$ cat my_file-v4.cif   # mmCIF, C-alpha atoms and all ligand atoms
data_entry
#
loop_
_atom_site.label_atom_id
_atom_site.label_comp_id
_atom_site.auth_asym_id
_atom_site.auth_seq_id
_atom_site.Cartn_x
_atom_site.Cartn_y
_atom_site.Cartn_z
CA MET P 1 19.70 -14.44 34.31
CA ALA P 2 20.63 -10.78 34.57
CA MET P 3 22.05 -9.62 37.89
CA SER P 4 22.33 -6.18 39.29
CA SER P 5 23.08 -4.80 42.69
CA GLY P 6 20.24 -3.51 44.74
CA ALA P 7 20.34 -0.29 46.72
CA VAL P 8 17.91 0.75 49.38
CA VAL P 9 16.76 4.27 48.60
CA GLY P 10 14.12 5.90 50.73
CA GLY P 11 13.02 2.55 52.05
CA GLN P 12 12.60 1.14 48.56
CA ARG P 13 14.91 -1.29 46.88
CA ARG P 14 15.91 0.06 43.49
CA TRP P 15 17.74 -1.96 40.91
CA ARG P 16 20.81 -0.45 39.38
CA PRO P 17 23.38 -1.98 37.10
CA ALA P 18 26.51 -3.49 38.60
CA LEU P 19 29.96 -2.18 37.63
CA VAL P 20 30.00 -1.13 34.01
CA PRO P 21 32.19 -3.83 32.39
CA ALA P 22 30.49 -6.54 34.38
CA ALA P 23 27.11 -5.09 33.51
CA ARG P 24 27.92 -5.58 29.86
CA ALA P 25 28.91 -9.18 30.44
CA MET P 26 25.87 -9.89 32.58
CA ALA P 27 23.41 -8.06 30.40
CA SER P 28 20.12 -9.61 29.34
CA TRP P 29 20.05 -12.29 26.65
CA PHE P 30 19.01 -9.59 24.20
CA GLY P 31 21.81 -7.26 25.24
CA HIS P 32 23.36 -7.54 21.79
CA VAL P 33 20.29 -6.14 20.04
CA GLU P 34 21.06 -3.03 18.02
CA PRO P 35 18.47 -0.45 16.97
CA ALA P 36 16.69 -1.47 13.76
CA ALA P 37 17.14 0.61 10.65
CA LYS P 38 14.50 3.33 10.42
CA ASP P 39 11.58 2.53 8.15
CA PRO P 40 12.03 4.54 4.95
CA ILE P 41 8.40 5.70 5.01
CA LEU P 42 7.12 5.65 8.59
CA GLY P 43 10.52 6.92 9.81
CA VAL P 44 9.80 10.11 7.88
CA THR P 45 6.66 10.70 9.95
CA GLU P 46 8.67 10.21 13.15
CA ALA P 47 11.21 12.82 12.04
CA PHE P 48 8.42 15.21 11.02
CA LEU P 49 6.72 14.92 14.41
CA ALA P 50 10.00 15.67 16.18
CA ASP P 51 10.59 18.91 14.22
CA PRO P 52 9.35 21.99 16.15
CA SER P 53 9.39 24.29 13.09
CA PRO P 54 6.04 25.98 12.34
CA ASP P 55 6.84 25.76 8.60
CA LYS P 56 7.18 22.00 8.51
CA VAL P 57 5.43 20.02 5.77
CA ASN P 58 4.89 16.26 5.69
CA VAL P 59 4.65 14.79 2.21
CA GLY P 60 6.11 11.47 3.31
CA VAL P 61 3.54 8.83 4.17
CA GLY P 62 0.69 8.21 1.76
CA ALA P 63 -2.13 9.46 3.94
CA TYR P 64 -4.81 11.79 2.61
CA ARG P 65 -5.20 15.26 4.09
CA ASP P 66 -7.83 17.90 3.36
CA ASP P 67 -6.88 21.26 1.92
CA ASN P 68 -6.13 22.51 5.43
CA GLY P 69 -3.65 19.68 5.93
CA ARG P 70 -5.92 17.85 8.36
CA PRO P 71 -6.67 14.10 8.39
CA VAL P 72 -10.12 13.29 7.01
CA VAL P 73 -12.90 11.07 8.29
CA LEU P 74 -15.24 10.51 5.34
CA GLU P 75 -18.92 11.41 5.77
CA CYS P 76 -19.93 7.89 4.74
CA VAL P 77 -17.70 6.54 7.51
CA ARG P 78 -19.23 8.90 10.09
CA GLU P 79 -22.70 7.76 9.07
CA ALA P 80 -21.69 4.09 9.14
CA GLU P 81 -20.27 4.60 12.64
CA ARG P 82 -23.57 6.07 13.79
CA ARG P 83 -25.37 3.04 12.40
CA VAL P 84 -23.09 0.39 13.89
CA ALA P 85 -22.80 2.07 17.29
CA GLY P 86 -26.12 0.73 18.58
CA ASN P 87 -26.22 -2.85 17.48
CA ALA P 88 -22.66 -4.13 17.29
CA ASN P 89 -21.51 -6.55 19.91
CA MET P 90 -17.82 -6.97 20.59
CA GLU P 91 -17.61 -10.71 19.99
CA TYR P 92 -14.76 -12.22 18.02
CA LEU P 93 -15.14 -12.34 14.28
CA PRO P 94 -14.57 -15.78 12.71
CA MET P 95 -10.90 -16.54 11.88
CA GLY P 96 -11.55 -15.54 8.27
CA GLY P 97 -13.24 -12.29 9.29
CA SER P 98 -16.60 -10.76 8.42
CA VAL P 99 -18.41 -12.70 5.71
CA LYS P 100 -20.40 -9.63 4.71
CA MET P 101 -17.31 -7.46 4.42
CA ILE P 102 -15.60 -10.11 2.30
CA GLU P 103 -18.62 -10.40 -0.02
CA GLU P 104 -18.67 -6.67 -0.58
CA SER P 105 -14.91 -6.54 -1.11
CA LEU P 106 -15.05 -9.20 -3.80
CA LYS P 107 -17.72 -7.25 -5.67
CA LEU P 108 -15.35 -4.29 -5.77
CA SER P 109 -12.37 -6.23 -7.05
CA TYR P 110 -13.94 -8.96 -9.23
CA GLY P 111 -17.05 -7.03 -10.34
CA GLU P 112 -20.61 -6.82 -9.06
CA ASP P 113 -21.84 -9.62 -11.36
CA SER P 114 -18.71 -11.73 -11.39
CA GLU P 115 -19.24 -15.33 -12.42
CA PHE P 116 -16.43 -16.27 -10.03
CA ILE P 117 -18.38 -14.90 -7.07
CA ARG P 118 -21.52 -16.67 -8.30
CA ASP P 119 -19.65 -19.96 -8.68
CA LYS P 120 -18.03 -19.55 -5.25
CA ARG P 121 -14.59 -20.00 -6.78
CA ILE P 122 -12.88 -17.31 -4.69
CA ALA P 123 -11.17 -18.13 -1.39
CA ALA P 124 -11.16 -14.90 0.61
CA VAL P 125 -10.44 -13.77 4.13
CA GLN P 126 -10.55 -10.42 5.87
CA ALA P 127 -6.97 -9.27 6.41
CA LEU P 128 -5.09 -6.72 8.50
CA SER P 129 -5.39 -4.12 5.77
CA GLY P 130 -3.28 -4.33 2.61
CA THR P 131 -0.07 -5.20 4.44
CA GLY P 132 -1.69 -8.11 6.24
CA ALA P 133 -3.25 -9.35 3.01
CA CYS P 134 0.13 -9.38 1.28
CA ARG P 135 1.74 -11.13 4.23
CA LEU P 136 -0.93 -13.83 4.44
CA PHE P 137 -0.47 -14.47 0.75
CA ALA P 138 3.32 -14.62 1.07
CA ASP P 139 3.01 -17.16 3.91
CA PHE P 140 0.50 -19.19 1.89
CA GLN P 141 2.86 -19.16 -1.09
CA LYS P 142 5.76 -20.34 1.07
CA ARG P 143 3.71 -23.06 2.71
CA PHE P 144 2.30 -24.60 -0.45
CA LEU P 145 5.04 -23.92 -2.99
CA PRO P 146 8.13 -23.70 -0.77
CA ASP P 147 10.67 -23.41 -3.58
CA SER P 148 8.91 -20.59 -5.38
CA GLN P 149 10.14 -17.01 -5.73
CA ILE P 150 8.39 -13.71 -6.28
CA TYR P 151 9.14 -11.11 -8.94
CA ILE P 152 8.74 -7.59 -7.57
CA PRO P 153 8.80 -4.40 -9.70
CA THR P 154 11.69 -1.93 -9.54
CA PRO P 155 10.91 0.25 -7.74
CA THR P 156 8.06 -0.73 -5.45
CA TRP P 157 6.54 0.06 -2.05
CA ALA P 158 9.50 -0.62 0.26
CA ASN P 159 7.51 -2.88 2.56
CA HIS P 160 6.91 -5.45 -0.21
CA HIS P 161 10.55 -6.47 0.21
CA ASN P 162 10.16 -6.87 3.97
CA ILE P 163 6.95 -8.87 3.64
CA TRP P 164 8.29 -11.53 1.29
CA ARG P 165 11.65 -11.55 3.10
CA ASP P 166 9.99 -12.31 6.43
CA ALA P 167 7.88 -15.00 4.74
CA ARG P 168 11.21 -16.44 3.50
CA VAL P 169 10.24 -16.29 -0.16
CA PRO P 170 13.26 -15.41 -2.33
CA GLN P 171 12.80 -12.24 -4.36
CA ARG P 172 13.65 -11.32 -7.91
CA THR P 173 12.95 -8.01 -9.53
CA PHE P 174 11.45 -7.01 -12.86
CA SER P 175 11.86 -3.77 -14.80
CA TYR P 176 9.07 -1.29 -14.37
CA TYR P 177 10.17 2.34 -14.40
CA HIS P 178 12.18 4.18 -16.99
CA PRO P 179 13.93 7.11 -15.26
CA GLU P 180 14.76 9.03 -18.47
CA SER P 181 11.21 9.11 -19.79
CA ARG P 182 9.75 9.07 -16.28
CA GLY P 183 7.30 6.52 -17.64
CA LEU P 184 6.83 2.78 -17.90
CA ASP P 185 9.72 0.64 -19.09
CA PHE P 186 7.31 -1.52 -21.06
CA ALA P 187 9.94 -3.23 -23.21
CA GLY P 188 12.04 -4.09 -20.14
CA LEU P 189 9.00 -5.33 -18.28
CA MET P 190 7.92 -7.59 -21.14
CA ASP P 191 11.45 -8.96 -21.50
CA ASP P 192 11.59 -9.81 -17.81
CA VAL P 193 8.18 -11.45 -17.97
CA LYS P 194 9.33 -13.54 -20.94
CA ASN P 195 12.65 -14.46 -19.38
CA ALA P 196 11.29 -15.53 -15.99
CA PRO P 197 10.89 -19.29 -15.57
CA ASP P 198 7.40 -20.53 -16.48
CA GLY P 199 4.96 -20.39 -13.60
CA SER P 200 6.66 -17.55 -11.74
CA PHE P 201 4.87 -15.35 -9.20
CA PHE P 202 4.67 -11.66 -10.08
CA LEU P 203 3.61 -8.86 -7.78
CA LEU P 204 1.63 -6.27 -9.73
CA HIS P 205 0.23 -2.97 -8.47
CA ALA P 206 -3.39 -3.05 -9.68
CA CYS P 207 -3.50 0.74 -10.08
CA ALA P 208 -1.76 3.94 -8.95
CA HIS P 209 1.66 2.32 -8.72
CA ASN P 210 3.57 3.28 -5.59
CA PRO P 211 5.97 5.09 -5.70
CA THR P 212 6.10 5.98 -9.41
CA GLY P 213 2.49 6.99 -10.19
CA VAL P 214 3.00 5.21 -13.52
CA ASP P 215 0.51 2.52 -14.61
CA PRO P 216 0.44 0.48 -17.83
CA SER P 217 -2.24 1.57 -20.31
CA GLU P 218 -5.20 -0.73 -20.90
CA GLU P 219 -3.58 -1.97 -24.10
CA GLN P 220 -0.33 -2.68 -22.27
CA TRP P 221 -2.17 -4.56 -19.52
CA ARG P 222 -3.73 -6.72 -22.24
CA GLU P 223 -0.28 -7.53 -23.61
CA ILE P 224 1.07 -8.26 -20.15
CA SER P 225 -1.87 -10.55 -19.43
CA PHE P 226 -1.36 -12.32 -22.76
CA GLN P 227 2.30 -12.93 -22.00
CA PHE P 228 1.52 -14.11 -18.47
CA LYS P 229 -0.85 -16.65 -19.99
CA ALA P 230 1.81 -17.92 -22.36
CA LYS P 231 4.28 -18.24 -19.49
CA LYS P 232 1.74 -19.58 -16.96
CA HIS P 233 2.82 -16.91 -14.48
CA PHE P 234 0.75 -16.23 -11.39
CA PRO P 235 -0.27 -12.57 -10.95
CA PHE P 236 -0.66 -11.28 -7.41
CA PHE P 237 -2.33 -7.86 -7.41
CA ASP P 238 -1.72 -5.43 -4.60
CA MET P 239 -4.66 -3.03 -4.85
CA ALA P 240 -4.07 -0.46 -2.11
CA TYR P 241 -5.40 2.53 -4.06
CA GLN P 242 -8.62 1.43 -5.77
CA GLY P 243 -10.37 4.71 -6.62
CA PHE P 244 -7.31 6.90 -6.18
CA ALA P 245 -6.04 6.57 -9.74
CA SER P 246 -9.09 7.65 -11.76
CA GLY P 247 -11.48 8.64 -8.98
CA ASP P 248 -13.63 5.61 -9.87
CA PRO P 249 -13.02 2.26 -8.12
CA GLU P 250 -14.64 0.37 -10.99
CA ARG P 251 -12.25 1.86 -13.55
CA ASP P 252 -9.30 1.26 -11.27
CA ALA P 253 -10.09 -2.47 -11.22
CA LYS P 254 -9.59 -2.65 -14.99
CA ALA P 255 -6.23 -4.46 -14.88
CA ILE P 256 -7.67 -7.19 -12.68
CA ARG P 257 -10.71 -7.53 -14.90
CA ILE P 258 -8.51 -7.94 -17.98
CA PHE P 259 -6.62 -10.78 -16.31
CA LEU P 260 -9.92 -12.38 -15.25
CA GLU P 261 -11.31 -12.15 -18.78
CA ASP P 262 -8.19 -13.88 -20.02
CA GLY P 263 -8.84 -16.80 -17.69
CA HIS P 264 -6.04 -16.28 -15.18
CA GLN P 265 -6.14 -17.43 -11.63
CA ILE P 266 -5.11 -14.48 -9.52
CA GLY P 267 -4.43 -13.38 -5.98
CA CYS P 268 -5.52 -9.96 -4.75
CA ALA P 269 -4.78 -7.82 -1.70
CA GLN P 270 -7.33 -5.07 -1.01
CA SER P 271 -7.04 -2.24 1.47
CA TYR P 272 -9.55 0.28 2.77
CA ALA P 273 -6.83 2.40 4.37
CA LYS P 274 -6.70 4.96 1.59
CA ASN P 275 -9.99 4.79 -0.29
CA MET P 276 -12.13 4.84 2.87
CA GLY P 277 -9.60 6.66 5.01
CA LEU P 278 -9.63 3.73 7.46
CA TYR P 279 -5.85 3.72 7.91
CA GLY P 280 -5.75 2.75 11.57
CA GLN P 281 -8.67 0.33 11.41
CA ARG P 282 -6.63 -2.23 9.48
CA ALA P 283 -9.44 -3.29 7.16
CA GLY P 284 -8.53 -5.31 4.10
CA CYS P 285 -9.16 -8.50 2.19
CA LEU P 286 -7.07 -11.25 0.62
CA SER P 287 -8.60 -13.29 -2.16
CA ILE P 288 -7.39 -16.13 -4.35
CA LEU P 289 -9.33 -17.29 -7.39
CA CYS P 290 -9.47 -21.10 -7.42
CA ASP P 291 -10.43 -23.85 -9.89
CA ASP P 292 -13.74 -24.60 -8.24
CA GLU P 293 -15.74 -24.23 -5.06
CA MET P 294 -14.20 -27.23 -3.34
CA GLN P 295 -10.71 -25.89 -3.84
CA ALA P 296 -11.81 -22.46 -2.63
CA VAL P 297 -13.12 -23.98 0.60
CA ALA P 298 -9.81 -25.77 1.13
CA VAL P 299 -7.70 -22.68 0.38
CA LYS P 300 -9.79 -20.49 2.68
CA SER P 301 -9.42 -22.99 5.51
CA GLN P 302 -5.64 -22.92 5.06
CA LEU P 303 -5.54 -19.12 5.04
CA GLN P 304 -7.48 -19.18 8.29
CA GLN P 305 -5.02 -21.65 9.71
CA ILE P 306 -2.16 -19.27 8.90
CA ALA P 307 -4.05 -16.40 10.55
CA ARG P 308 -5.03 -18.23 13.74
CA PRO P 309 -1.60 -18.50 15.42
CA MET P 310 -0.62 -15.00 14.24
CA TYR P 311 -3.57 -12.88 15.36
CA SER P 312 -6.43 -15.36 15.75
CA ASN P 313 -9.06 -13.25 14.01
CA PRO P 314 -9.13 -9.79 12.44
CA PRO P 315 -10.49 -6.58 13.99
CA LEU P 316 -14.22 -5.98 14.02
CA HIS P 317 -14.84 -2.26 13.86
CA GLY P 318 -13.34 -1.48 10.46
CA ALA P 319 -15.09 -4.50 8.95
CA LEU P 320 -18.44 -3.23 10.24
CA ILE P 321 -17.82 0.19 8.74
CA VAL P 322 -16.82 -1.24 5.37
CA SER P 323 -19.72 -3.66 5.11
CA THR P 324 -22.22 -1.03 6.27
CA ILE P 325 -21.08 1.41 3.61
CA LEU P 326 -20.80 -1.01 0.72
CA SER P 327 -24.06 -2.86 1.36
CA ASP P 328 -26.18 0.31 1.47
CA PRO P 329 -26.69 1.86 -1.99
CA GLU P 330 -27.05 5.35 -0.58
CA LEU P 331 -23.92 5.15 1.57
CA LYS P 332 -22.01 3.50 -1.24
CA ASN P 333 -22.89 6.38 -3.55
CA LEU P 334 -21.75 8.85 -0.95
CA TRP P 335 -18.48 6.92 -0.67
CA LEU P 336 -17.98 6.96 -4.44
CA LYS P 337 -18.49 10.72 -4.44
CA GLU P 338 -16.03 11.17 -1.60
CA VAL P 339 -13.37 8.97 -3.24
CA LYS P 340 -13.70 11.05 -6.38
CA GLY P 341 -13.39 14.19 -4.29
CA MET P 342 -10.09 12.97 -2.80
CA ALA P 343 -8.72 11.95 -6.19
CA ASP P 344 -9.75 15.29 -7.71
CA ARG P 345 -8.12 17.33 -4.95
CA ILE P 346 -4.87 15.48 -5.60
CA ILE P 347 -5.12 16.09 -9.34
CA GLY P 348 -5.68 19.78 -8.61
CA MET P 349 -2.58 19.88 -6.42
CA ARG P 350 -0.50 18.24 -9.15
CA LYS P 351 -1.49 21.07 -11.48
CA ALA P 352 -0.79 23.69 -8.84
CA LEU P 353 2.65 22.29 -7.99
CA LYS P 354 3.65 22.13 -11.64
CA GLU P 355 2.38 25.65 -12.36
CA ASN P 356 4.19 27.04 -9.34
CA LEU P 357 7.47 25.48 -10.45
CA GLU P 358 7.05 26.87 -13.95
CA ARG P 359 6.20 30.31 -12.60
CA LEU P 360 9.42 30.27 -10.57
CA GLY P 361 11.27 29.81 -13.86
CA SER P 362 12.48 26.26 -13.24
CA PRO P 363 14.33 25.20 -16.38
CA LEU P 364 13.51 21.54 -15.70
CA SER P 365 10.53 19.68 -17.10
CA TRP P 366 7.81 18.99 -14.54
CA GLU P 367 5.36 17.39 -16.97
CA HIS P 368 5.56 14.13 -15.02
CA ILE P 369 3.87 15.73 -12.00
CA THR P 370 0.60 15.86 -13.91
CA ASN P 371 1.20 12.77 -16.04
CA GLN P 372 1.61 10.49 -13.03
CA ILE P 373 -1.48 9.29 -11.20
CA GLY P 374 -2.57 8.23 -7.75
CA MET P 375 -1.30 9.51 -4.45
CA PHE P 376 2.35 10.01 -5.32
CA CYS P 377 4.60 12.06 -7.50
CA TYR P 378 7.90 10.38 -8.23
CA SER P 379 9.71 13.65 -8.61
CA GLY P 380 13.13 12.56 -9.82
CA MET P 381 14.84 14.42 -6.97
CA THR P 382 17.99 12.79 -5.63
CA PRO P 383 18.41 11.67 -2.00
CA GLU P 384 20.80 14.63 -1.49
CA GLN P 385 18.21 17.07 -2.79
CA VAL P 386 15.60 15.53 -0.50
CA ASP P 387 18.02 15.89 2.43
CA ARG P 388 18.32 19.60 1.63
CA LEU P 389 14.54 19.97 1.50
CA THR P 390 14.41 18.57 5.00
CA SER P 391 17.37 20.35 6.56
CA GLU P 392 16.80 23.76 4.94
CA PHE P 393 13.02 23.85 4.50
CA HIS P 394 11.59 21.36 7.03
CA ILE P 395 9.93 19.43 4.22
CA TYR P 396 9.70 15.73 4.97
CA MET P 397 9.51 13.04 2.28
CA THR P 398 11.08 9.70 1.42
CA ARG P 399 14.63 9.83 0.11
CA ASN P 400 13.64 8.22 -3.19
CA GLY P 401 12.15 11.59 -4.19
CA ARG P 402 8.54 10.49 -3.72
CA ILE P 403 6.13 13.30 -2.84
CA SER P 404 2.83 12.30 -1.27
CA MET P 405 0.56 14.63 -3.23
CA ALA P 406 -2.13 13.95 -0.64
CA GLY P 407 -0.16 16.11 1.80
CA VAL P 408 0.05 19.08 -0.60
CA THR P 409 -2.46 21.89 0.04
CA THR P 410 -3.40 25.30 -1.32
CA GLY P 411 -1.60 26.67 1.73
CA ASN P 412 1.74 24.89 1.31
CA VAL P 413 2.07 24.33 -2.44
CA ALA P 414 3.91 27.61 -3.13
CA TYR P 415 6.32 26.97 -0.24
CA LEU P 416 6.92 23.43 -1.48
CA ALA P 417 7.46 24.54 -5.09
CA ASN P 418 9.91 27.22 -4.03
CA ALA P 419 11.91 24.75 -1.95
CA ILE P 420 11.96 22.19 -4.77
CA HIS P 421 13.12 24.89 -7.16
CA GLU P 422 15.89 25.94 -4.78
CA VAL P 423 17.32 22.43 -4.42
CA THR P 424 16.94 21.42 -8.07
CA LYS P 425 18.06 24.52 -9.95
CA PRO P 426 21.38 24.23 -11.72
CA ASN P 427 24.12 26.27 -10.01
N1 LIG V 1 0.42 -1.73 -0.76
C1 LIG V 1 0.92 -0.56 -1.22
C2 LIG V 1 1.36 -0.48 -2.64
C3 LIG V 1 1.01 0.55 -0.36
O1 LIG V 1 1.49 1.68 -0.85
C4 LIG V 1 0.60 0.44 0.98
C5 LIG V 1 0.75 1.57 1.91
C6 LIG V 1 0.06 -0.79 1.39
C7 LIG V 1 0.01 -1.85 0.50
C8 LIG V 1 -0.41 -1.06 2.77
O2 LIG V 1 -1.36 -0.28 3.28
P1 LIG V 1 -2.24 -0.75 4.53
O3 LIG V 1 -2.28 0.41 5.41
O4 LIG V 1 -1.60 -1.94 5.17
O5 LIG V 1 -3.56 -1.11 3.93
N2 LIG V 1 1.52 2.54 1.69
C9 LIG V 1 1.70 3.77 2.47
C10 LIG V 1 1.78 3.62 3.93
C11 LIG V 1 2.81 2.66 4.43
O6 LIG V 1 3.97 2.69 3.99
O7 LIG V 1 2.45 1.85 5.29
C12 LIG V 1 2.88 4.55 1.89
O8 LIG V 1 3.54 4.08 0.96
O9 LIG V 1 3.14 5.67 2.36
#

$ encode --input "my_file-v4.cif" --output "structure tokens"
Amino acid sequence: MAMSSGAVVGGQRRWRPALVPAARAMASWFGHVEPAAKDPILGVTEAFLADPSPDKVNVGVGAYRDDNGRPVVLECVREAERRVAGNANMEYLPMGGSVKMIEESLKLSYGEDSEFIRDKRIAAVQALSGTGACRLFADFQKRFLPDSQIYIPTPTWANHHNIWRDARVPQRTFSYYHPESRGLDFAGLMDDVKNAPDGSFFLLHACAHNPTGVDPSEEQWREISFQFKAKKHFPFFDMAYQGFASGDPERDAKAIRIFLEDGHQIGCAQSYAKNMGLYGQRAGCLSILCDDEMQAVAVKSQLQQIARPMYSNPPLHGALIVSTILSDPELKNLWLKEVKGMADRIIGMRKALKENLERLGSPLSWEHITNQIGMFCYSGMTPEQVDRLTSEFHIYMTRNGRISMAGVTTGNVAYLANAIHEVTKPN
């Protein structure tokens, strides 16, 4: 037990530490705890918020902003909130979450008329957004195949490593990005898929790969799926950006649909953080396609059992918003229009950033800014160049050179381009 000497100040007993060396020795049981390393993505937001400069720009976290740099609440979400305000009670959801929200989520990922939905072959639970869905899956993997590993693309969203590490699943990596061509390392990827032991788990980004903005083509997905079949690998799709790649959620589910057509069993993490702008609501879904309905019931019950001691049951409000939007044809159409609007604004900013760099006379090629898709531009800037952007220009982004295009606006694109040009131009 920690001890400290008490002093009576103004009639009140205040605790203050004993003599310094003794205080160290008698410190709390967690006295040895050192500050954790800053998160490579959310740490950027913290640094941005602490900067008093009026010029500062945040292109770190993948969070959509309008052309004035302000966070957006979609119109379909506002309308859904109006509708749920009157009749929602605040009771607990079931451990597996909202049945209606799950049903609607599965239609988005597996297809409106999916035979797997009809045959009740999918075990699915509402999850704490995409992160929570990945973590539930990782825990499920560890529990039921304890000696398994997971293959994760290089590079990937940094938190994937934390998630499978904390679930105690050993990680391997597979080739994904080719820095010279700034495109997909398809040959390397296929080699790694072939060389992995049969029945390996692979984490795949369903669309709008983070951080590279590089996705396989449809033809390449077909080849990957074919090879997975030959090797009996298990594909786990993280789909955090459905709608953000092409502007159309249905098109963005293409990779998953190819794997389904080919008869794979899959796992899938869905998130409504980005495509509905529900970041803080933590609305998502984890699904696993099973052999039959009986197995799906068993798997779902086990997923619930993993959730129960962690957070008991998932949050209600976001689930109500999602199910209200997706189950009403009019609201769903509005949502589809708004998703396309967000994707289009980003595409416009890619063009603007590239044009600005070219206008400044940058001798480097910036083709990849417009070739890449989704929320991010994997710029190719080095950590040192990024550090200069921050220290000299108050521009905040992750040190891997990733620019969140969703934070670029008509108002800041020229400033950003100029700064990028300054730190990248040959001396
Ligand atoms: N998967 C991927 C690939 C991803 O980029 C994110 C978030 C998530 C899952 C999780 O999102 P959630 O909010 O749990 O549904 N990425 C952004 C935010 C973050 O790092 O948390 C980002 O990369 O900036």

$ residues_near_ligand --input "my_file-v4.cif" --ligand "ligand LIG 1 (chain V)" --cutoff "6 Å" --atoms "all atoms listed in the file" --output "PDB file with C-alpha atoms, keeping the file's coordinate frame"
ATOM      1  CA  ILE P  41       8.400   5.700   5.010  1.00  0.00           C
ATOM      2  CA  VAL P  61       3.540   8.830   4.170  1.00  0.00           C
ATOM      3  CA  GLY P  62       0.690   8.210   1.760  1.00  0.00           C
ATOM      4  CA  SER P 129      -5.390  -4.120   5.770  1.00  0.00           C
ATOM      5  CA  GLY P 130      -3.280  -4.330   2.610  1.00  0.00           C
ATOM      6  CA  THR P 131      -0.070  -5.200   4.440  1.00  0.00           C
ATOM      7  CA  TRP P 157       6.540   0.060  -2.050  1.00  0.00           C
ATOM      8  CA  ASN P 210       3.570   3.280  -5.590  1.00  0.00           C
ATOM      9  CA  ASP P 238      -1.720  -5.430  -4.600  1.00  0.00           C
ATOM     10  CA  ALA P 240      -4.070  -0.460  -2.110  1.00  0.00           C
ATOM     11  CA  SER P 271      -7.040  -2.240   1.470  1.00  0.00           C
ATOM     12  CA  ALA P 273      -6.830   2.400   4.370  1.00  0.00           C
ATOM     13  CA  TYR P 279      -5.850   3.720   7.910  1.00  0.00           C
TER      14      TYR P 279
END

$ closest_residue --input "my_file-v4.cif" --among "P:Val125, P:Cys377, P:Val423, P:Ile258" --to "P:Leu286" --atoms "all atoms listed in the file"
P:Val125

$ closest_atom_pairs --input "my_file-v4.cif" --of "stretch 280-377 of chain P" --to "stretch 71-93 of chain P" --cutoff "10 Å" --atoms "all atoms listed in the file" --output "tab-separated table"
residue	atom	partner	partner_atom	distance
P:Ser312	CA	P:Tyr92	CA	9.2
P:Asn313	CA	P:Leu93	CA	6.2
P:Pro314	CA	P:Leu93	CA	6.8
P:Pro315	CA	P:Leu93	CA	7.4
P:Leu316	CA	P:Leu93	CA	6.4
P:His317	CA	P:Val84	CA	8.7
P:Gly318	CA	P:Glu81	CA	9.5
P:Ala319	CA	P:Leu93	CA	9.5
P:Leu320	CA	P:Val84	CA	6.9
P:Ile321	CA	P:Ala80	CA	5.5
P:Val322	CA	P:Val77	CA	8.1
P:Ser323	CA	P:Ala80	CA	9.0
P:Thr324	CA	P:Ala80	CA	5.9
P:Ile325	CA	P:Ala80	CA	6.2
P:Leu326	CA	P:Cys76	CA	9.8
P:Asp328	CA	P:Ala80	CA	9.7
P:Glu330	CA	P:Cys76	CA	9.2
P:Leu331	CA	P:Cys76	CA	5.8
P:Lys332	CA	P:Cys76	CA	7.7
P:Asn333	CA	P:Cys76	CA	8.9
P:Leu334	CA	P:Cys76	CA	6.1
P:Trp335	CA	P:Cys76	CA	5.7
P:Leu336	CA	P:Cys76	CA	9.4
P:Lys337	CA	P:Cys76	CA	9.7
P:Glu338	CA	P:Leu74	CA	7.0
P:Val339	CA	P:Leu74	CA	8.9
P:Met342	CA	P:Val72	CA	9.8

$ atom_distance --input "my_file-v4.cif" --atom1 "atom CA of P:Asp67" --atom2 "atom CA of P:Thr410"
6.2 Å

$ closest_residue --input "my_file-v4.cif" --among "P:Pro309, P:Gly199, P:Gly277, P:Gly213" --to "P:Thr370" --atoms "all atoms listed in the file"
P:Gly213

$ residues_around --input "my_file-v4.cif" --residues "P:Phe202" --least-positions-apart "3" --cutoff "10 Å" --atoms "all atoms listed in the file" --output "ChimeraX atom specification"
/P:149-153,171-174,193,196,199,205,228,233-237

$ closest_residue --input "my_file-v4.cif" --among "P:Ala253, P:Ala406, P:Val33, P:Ile163" --to "P:Asp344" --atoms "all atoms listed in the file"
P:Ala406

$ residues_around --input "my_file-v4.cif" --residues "stretch 241-244 of chain P" --least-positions-apart "4" --cutoff "6 Å" --atoms "all atoms listed in the file" --output "list in words"
Asp248, Pro249, Asp252, Ala343 and Gly374 of chain P

$ closest_residue --input "my_file-v4.cif" --among "P:Val297, P:Met375, P:Cys134, P:Ala307" --to "P:Thr212" --atoms "only C-alpha atoms"
P:Met375

$ atom_distance --input "my_file-v4.cif" --atom1 "atom CA of P:Arg143" --atom2 "atom CA of P:Gln305"
11.3 Å

$ closest_residue --input "my_file-v4.cif" --among "P:Ile122, P:Val214, P:Lys38, P:Gln141" --to "P:Met294" --atoms "all atoms listed in the file"
P:Ile122

$ residues_around --input "my_file-v4.cif" --residues "P:Ser301" --least-positions-apart "6" --cutoff "12 Å" --atoms "all atoms listed in the file" --output "PyMOL selection string"
chain P and resi 94-97+123-125+140+294-295+307-308

$ residues_around --input "my_file-v4.cif" --residues "P:Ala296" --least-positions-apart "5" --cutoff "8 Å" --atoms "all atoms listed in the file" --output "NGL selection string"
:P and (120-123 or 288-291)

$ write_last_selection --input "my_file-v4.cif" --atoms "C-alpha atoms" --output "PDB file, in the frame of the given file"
ATOM      1  CA  LYS P 120     -18.030 -19.550  -5.250  1.00  0.00           C
ATOM      2  CA  ARG P 121     -14.590 -20.000  -6.780  1.00  0.00           C
ATOM      3  CA  ILE P 122     -12.880 -17.310  -4.690  1.00  0.00           C
ATOM      4  CA  ALA P 123     -11.170 -18.130  -1.390  1.00  0.00           C
ATOM      5  CA  ILE P 288      -7.390 -16.130  -4.350  1.00  0.00           C
ATOM      6  CA  LEU P 289      -9.330 -17.290  -7.390  1.00  0.00           C
ATOM      7  CA  CYS P 290      -9.470 -21.100  -7.420  1.00  0.00           C
ATOM      8  CA  ASP P 291     -10.430 -23.850  -9.890  1.00  0.00           C
TER       9      ASP P 291
END
